[in-house]
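Participant: Take a look at input-v8.pdb, PDB, C-alpha atoms:
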ATOM      1  CA  GLN S  35     -21.228  32.008 -61.880
ATOM      2  CA  VAL S  36     -21.567  32.627 -65.609
ATOM      3  CA  GLN S  37     -24.585  30.890 -67.076
ATOM      4  CA  LEU S  38     -26.233  30.981 -70.505
ATOM      5  CA  VAL S  39     -29.627  29.416 -71.147
ATOM      6  CA  GLU S  40     -30.991  29.104 -74.679
ATOM      7  CA  SER S  41     -34.647  28.699 -75.558
ATOM      8  CA  GLY S  42     -36.957  29.034 -78.519
ATOM      9  CA  GLY S  43     -35.924  26.078 -80.615
ATOM     10  CA  GLY S  44     -38.380  23.670 -82.150
ATOM     11  CA  LEU S  45     -39.782  22.174 -85.315
ATOM     12  CA  VAL S  46     -40.668  24.551 -88.130
ATOM     13  CA  GLN S  47     -41.569  24.146 -91.791
ATOM     14  CA  PRO S  48     -39.270  25.423 -94.540
ATOM     15  CA  GLY S  49     -39.805  29.129 -95.024
ATOM     16  CA  GLY S  50     -40.886  29.580 -91.422
ATOM     17  CA  SER S  51     -39.381  31.623 -88.608
ATOM     18  CA  LEU S  52     -38.099  31.103 -85.091
ATOM     19  CA  ARG S  53     -36.600  33.400 -82.496
ATOM     20  CA  LEU S  54     -33.961  31.983 -80.207
ATOM     21  CA  SER S  55     -33.221  33.565 -76.860
ATOM     22  CA  CYS S  56     -30.088  33.390 -74.744
ATOM     23  CA  ALA S  57     -30.584  34.510 -71.161
ATOM     24  CA  ALA S  58     -27.355  35.379 -69.387
ATOM     25  CA  SER S  59     -26.686  35.404 -65.665
ATOM     26  CA  GLY S  60     -23.630  35.907 -63.521
ATOM     27  CA  PHE S  61     -22.273  38.620 -65.793
ATOM     28  CA  THR S  62     -23.450  41.572 -67.880
ATOM     29  CA  SER S  63     -23.812  40.332 -71.445
ATOM     30  CA  ALA S  64     -23.918  43.906 -72.731
ATOM     31  CA  SER S  65     -20.259  44.285 -71.777
ATOM     32  CA  TYR S  66     -18.937  41.453 -73.929
ATOM     33  CA  VAL S  67     -19.107  39.836 -77.323
ATOM     34  CA  MET S  68     -21.986  37.440 -77.741
ATOM     35  CA  ARG S  69     -22.169  34.772 -80.452
ATOM     36  CA  TRP S  70     -24.436  32.114 -81.861
ATOM     37  CA  PHE S  71     -23.036  28.848 -83.169
ATOM     38  CA  ARG S  72     -24.714  25.762 -84.579
ATOM     39  CA  GLN S  73     -23.812  22.142 -85.027
ATOM     40  CA  ALA S  74     -25.580  19.828 -87.425
ATOM     41  CA  PRO S  75     -25.346  16.028 -87.092
ATOM     42  CA  GLY S  76     -21.991  14.782 -88.336
ATOM     43  CA  LYS S  77     -20.640  18.288 -88.865
ATOM     44  CA  GLU S  78     -18.347  20.600 -86.983
ATOM     45  CA  ARG S  79     -19.694  23.462 -84.937
ATOM     46  CA  GLU S  80     -19.824  26.650 -86.992
ATOM     47  CA  GLY S  81     -20.200  30.290 -86.161
ATOM     48  CA  VAL S  82     -23.517  31.807 -87.197
ATOM     49  CA  SER S  83     -23.532  35.346 -85.882
ATOM     50  CA  CYS S  84     -21.798  37.766 -83.540
ATOM     51  CA  ILE S  85     -22.656  41.062 -81.872
ATOM     52  CA  SER S  86     -20.083  43.439 -80.435
ATOM     53  CA  SER S  87     -20.579  45.297 -77.183
ATOM     54  CA  SER S  88     -18.372  48.295 -78.045
ATOM     55  CA  ASP S  89     -20.311  49.554 -81.066
ATOM     56  CA  GLY S  90     -23.153  47.087 -81.605
ATOM     57  CA  SER S  91     -21.696  45.857 -84.892
ATOM     58  CA  THR S  92     -23.021  42.526 -86.102
ATOM     59  CA  TYR S  93     -21.580  39.765 -88.247
ATOM     60  CA  TYR S  94     -23.132  36.818 -90.015
ATOM     61  CA  ALA S  95     -22.064  33.650 -91.739
ATOM     62  CA  THR S  96     -22.618  33.849 -95.483
ATOM     63  CA  SER S  97     -25.159  31.036 -95.318
ATOM     64  CA  VAL S  98     -27.506  33.013 -93.052
ATOM     65  CA  LYS S  99     -26.864  36.608 -94.101
ATOM     66  CA  GLY S 100     -30.089  38.374 -94.963
ATOM     67  CA  ARG S 101     -32.200  35.769 -93.155
ATOM     68  CA  PHE S 102     -30.951  35.857 -89.552
ATOM     69  CA  THR S 103     -30.687  38.837 -87.227
ATOM     70  CA  ILE S 104     -28.811  38.981 -83.929
ATOM     71  CA  SER S 105     -29.856  41.503 -81.298
ATOM     72  CA  ARG S 106     -29.628  42.134 -77.578
ATOM     73  CA  ASP S 107     -31.894  43.481 -74.863
ATOM     74  CA  ASN S 108     -29.529  44.819 -72.250
ATOM     75  CA  ALA S 109     -32.283  45.400 -69.714
ATOM     76  CA  LYS S 110     -33.117  41.696 -69.853
ATOM     77  CA  ASN S 111     -29.482  40.589 -70.168
ATOM     78  CA  THR S 112     -30.602  38.545 -73.164
ATOM     79  CA  VAL S 113     -29.391  38.024 -76.710
ATOM     80  CA  TYR S 114     -31.670  36.925 -79.537
ATOM     81  CA  LEU S 115     -31.351  35.277 -82.913
ATOM     82  CA  GLN S 116     -34.278  35.946 -85.216
ATOM     83  CA  MET S 117     -34.299  33.316 -87.953
ATOM     84  CA  ASN S 118     -36.470  33.854 -91.025
ATOM     85  CA  SER S 119     -36.887  31.967 -94.297
ATOM     86  CA  LEU S 120     -35.599  28.838 -92.630
ATOM     87  CA  LYS S 121     -34.240  26.021 -94.763
ATOM     88  CA  PRO S 122     -33.752  22.322 -94.023
ATOM     89  CA  GLU S 123     -30.008  22.920 -93.968
ATOM     90  CA  ASP S 124     -30.494  25.221 -90.965
ATOM     91  CA  THR S 125     -31.363  22.156 -88.900
ATOM     92  CA  ALA S 126     -28.885  21.971 -86.032
ATOM     93  CA  VAL S 127     -28.365  22.441 -82.334
ATOM     94  CA  TYR S 128     -27.891  26.162 -81.771
ATOM     95  CA  TYR S 129     -25.552  27.356 -79.040
ATOM     96  CA  CYS S 130     -25.150  30.740 -77.455
ATOM     97  CA  ALA S 131     -21.660  31.778 -76.355
ATOM     98  CA  ALA S 132     -20.134  34.666 -74.464
ATOM     99  CA  ASP S 133     -16.599  35.798 -75.208
ATOM    100  CA  LEU S 134     -15.461  37.341 -71.971
ATOM    101  CA  PHE S 135     -12.601  39.890 -72.033
ATOM    102  CA  ILE S 136     -13.326  41.262 -75.513
ATOM    103  CA  GLN S 137     -15.780  43.895 -76.720
ATOM    104  CA  HIS S 138     -15.594  43.584 -80.506
ATOM    105  CA  CYS S 139     -16.243  40.554 -82.703
ATOM    106  CA  THR S 140     -13.020  41.086 -84.640
ATOM    107  CA  GLN S 141     -10.767  41.000 -81.577
ATOM    108  CA  PRO S 142      -8.701  37.850 -81.088
ATOM    109  CA  VAL S 143      -9.904  35.520 -78.380
ATOM    110  CA  ASP S 144      -8.724  32.295 -76.825
ATOM    111  CA  PRO S 145     -11.977  30.315 -76.638
ATOM    112  CA  ARG S 146     -10.509  27.827 -74.201
ATOM    113  CA  ARG S 147      -9.960  30.580 -71.687
ATOM    114  CA  ALA S 148     -12.596  33.166 -72.430
ATOM    115  CA  ARG S 149     -15.611  31.483 -74.024
ATOM    116  CA  ARG S 150     -18.618  30.307 -72.077
ATOM    117  CA  TRP S 151     -21.305  28.138 -73.645
ATOM    118  CA  GLY S 152     -24.970  27.503 -73.200
ATOM    119  CA  GLN S 153     -26.453  24.016 -73.324
ATOM    120  CA  GLY S 154     -27.936  24.414 -76.813
ATOM    121  CA  THR S 155     -31.408  24.307 -78.301
ATOM    122  CA  GLN S 156     -32.536  22.093 -81.171
ATOM    123  CA  VAL S 157     -33.857  23.660 -84.362
ATOM    124  CA  THR S 158     -35.408  21.324 -86.916
ATOM    125  CA  VAL S 159     -36.602  22.588 -90.284
ATOM    126  CA  SER S 160     -38.722  20.006 -92.019
ATOM    127  CA  SER S 161     -42.029  19.581 -93.791
TER
END
Could I get this structure in the form of structure tokens?
Facilitator:
Amino acid sequence: QVQLVESGGGLVQPGGSLRLSCAASGFTSASYVMRWFRQAPGKEREGVSCISSSDGSTYYATSVKGRFTISRDNAKNTVYLQMNSLKPEDTAVYYCAADLFIQHCTQPVDPRRARRWGQGTQVTVSS
């Protein structure tokens, strides 16, 4: 059974850092595309970052580029999101997702059929 468990969220001051973890089980995360999304109160869920399995290429939303870094530890079957220089507007519930059946972030995917979600972890940036 595919399962994703996020951790590492919390309360941090503006300018601070957090590292989110997404532990996968029931499948080999290194074989598929892994993504981070976030959803702020009253807003739609948005894509934050993506890492491909075929060539390790990474992609970022404009709002986080240069501040966030996605990475994976294949031995631990875990994907990370390092978040630096955090801003109040980064406050959201962060979700990890696995796109089964594709190996590159730019490949088309039917999320209803192929995407699996974690339960989310809250990140609050406030002084």
Participant: What gap, in Å, lies between atom CA of Leu52 of chain S and atom CA of Gly154 of chain S?
Facilitator: 14.7 Å
Participant: Hey, can I get the axis-aligned box for segment 87-92 of chain S? All listed atoms, 5 Å padding on each side, centre and edge lengths in Å to one decimal, as lines of an AutoDock Vina configuration file.
Facilitator:
center_x = -20.8
center_y = 46.0
center_z = -81.6
size_x = 14.8
size_y = 17.0
size_z = 18.9
Participant: Using only C-alpha atoms, what table do you get, as CSV, when you list each residue of segment 49-133 of chain S with an atom no more than 9 Å from segment 145-153 of chain S, its nearest pair of atoms, and their distance in Å rounded to one decimal, rows by chain then rising number?
Facilitator:
residue,atom,partner,partner_atom,distance
S:Cys56,CA,S:Gly152,CA,8.0
S:Tyr128,CA,S:Gln153,CA,8.8
S:Tyr129,CA,S:Gly152,CA,5.9
S:Cys130,CA,S:Gly152,CA,5.3
S:Ala131,CA,S:Trp151,CA,4.6
S:Ala132,CA,S:Arg150,CA,5.2
S:Asp133,CA,S:Arg149,CA,4.6
Participant: If the PyMOL selection byres ((chain S and resi 121) around 9) is run on the structure shown, which residues does it catch, given as a PyMOL selection string?
Facilitator: chain S and resi 47-50+118-120+122-125+159-160
Participant: Selected by the PyMOL selection byres ((chain S and resi 75) around 12) in the shown coordinates: which residues, as a PyMOL selection string?
Facilitator: chain S and resi 72-74+76-80+123-128+156-158
Participant: Rank S:Gln116, S:Gln35, S:Thr92, S:Asn108 by their smallest atom-to-atom distance to Thr62 of chain S, using only C-alpha atoms, and report the top residue only.
Facilitator: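 Nearest to Thr62 of chain S: S:Asn108.
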